[in-house]
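Written out below as structure tokens is the structure these notes cover.
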Amino acid sequence: MTGIMNERTLWVACWFGVFVIGEIISLIAFGFIRAIHARKKLSLEFGEFAKEVKRKPVFTLRFDLDWLKGVLERAVLSIGLLAGFTHILTFFGALKIATGLNARSQDKDAPGHAWSMDYFLTGNLVSAFFAIMYVLMSREIWIFASDRLIP
């Protein structure tokens, strides 16, 4: 019984360690993605004026509700994948489409609509990528560590 508990504890520790380090990396990655898309949005909205604005850095690290929702999303995705529920990806895809479709369909003629949809797609793909990488990396670390730490 203690051997099983030790394996579970090690498994949780591996996933949590990978998750925390991955979230720090994803915070930086999403800062860059936001900066790239903000410059694209400036070009769409302001045209020639944006050339001067583009020179200013727009990279920011944001700790807000959107960031917290992203952390929760990647946690649920990675835990679902670790538990063997691969259809969690389909569920989140449908959920994102359903919640984003109504809000974005009302603003089709807005200047930033194309930017918003592009950012939405990029953010979802990167978020799913991070969740999948958390699973793959935590499994590899667990296999490596379990051979050495659990008798």
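Each chain in the structure tokens gets a letter, A, B and so on, in the order shown; residues start at 1 in every chain, and ligands are counted from 1 in the order they appear.
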
**OP:** Fewer than 6 positions away in the same chain doesn't count, so skip those; otherwise give me all residues within 9 Å of region 127-138 of chain A, counting only C-alpha atoms, as a VMD selection string.
**Re:** chain A and resid 11 to 19 22 to 23 26 70 to 71 73 to 79 81 to 82 89

**OP:** Could you give me, as a PyMOL selection string, the residues within 10 Å of Ser146 (chain A), counting only C-alpha atoms and dropping anything in the same chain fewer than 3 positions from it?
**Re:** chain A and resi 6-7+10-11+140-143+149-151

Now that the selection is made, can you save its residues with C-alpha atoms as a compact mmCIF listing (two decimals), in the first residue's frame?
# COMPACT_ATOMS: atom_id res chain seq x y z
CA ASN A 6 4.64 6.73 -3.03
CA GLU A 7 4.03 6.30 -6.76
CA LEU A 10 5.73 11.10 -7.07
CA TRP A 11 3.29 11.29 -9.99
CA GLU A 140 8.87 11.11 -18.86
CA ILE A 141 10.06 12.62 -15.58
CA TRP A 142 7.88 10.19 -13.63
CA ILE A 143 9.31 7.19 -15.53
CA LEU A 149 13.26 6.54 -6.18
CA ILE A 150 10.69 3.74 -5.77
CA PRO A 151 12.04 0.31 -4.80

Subject >> All residues 12 Å or closer to Leu27 (chain A), only C-alpha atoms, same chain fewer than 2 positions away omitted, as a ChimeraX atom specification >> reply: /A:19-25,29-34,59-64,66-68,70-71,123,126-127,130

Write the residues of the preceding selection, restricted to C-alpha atoms, as a compact mmCIF listing (two decimals), in the first residue's frame.
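Produced file selection_28.txt, reproduced below:
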# COMPACT_ATOMS: atom_id res chain seq x y z
CA PHE A 19 2.94 22.54 -14.52
CA VAL A 20 4.42 25.37 -12.44
CA ILE A 21 7.54 25.68 -14.59
CA GLY A 22 5.41 25.42 -17.74
CA GLU A 23 3.05 28.16 -16.55
CA ILE A 24 5.99 30.49 -15.97
CA ILE A 25 7.16 29.78 -19.52
CA ALA A 29 5.12 33.08 -24.32
CA PHE A 30 1.66 34.64 -24.11
CA GLY A 31 3.27 38.00 -23.41
CA PHE A 32 5.10 37.73 -26.73
CA ILE A 33 1.99 36.50 -28.54
CA ARG A 34 -0.01 39.39 -27.13
CA PHE A 59 5.33 43.16 -24.24
CA THR A 60 3.63 42.81 -20.87
CA LEU A 61 3.22 40.12 -18.25
CA ARG A 62 -0.38 40.18 -17.13
CA PHE A 63 -1.78 38.58 -14.01
CA ASP A 64 -5.50 39.09 -14.52
CA ASP A 66 -7.80 35.97 -18.42
CA TRP A 67 -4.47 34.66 -17.18
CA LEU A 68 -6.18 32.77 -14.36
CA GLY A 70 -5.81 30.12 -19.00
CA VAL A 71 -4.05 28.48 -16.06
CA GLY A 123 -4.04 31.39 -27.99
CA VAL A 126 -0.61 27.44 -27.80
CA SER A 127 -2.65 26.63 -24.70
CA PHE A 130 1.36 23.58 -23.38

**OP:** Rank A:Thr99, A:Asn124, A:Asp118, A:Arg139 by their smallest atom-to-atom distance to Ile36 (chain A), using only C-alpha atoms, and report the top residue only.
**Re:**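 For Ile36 (chain A), the nearest of the candidates is A:Asp118.
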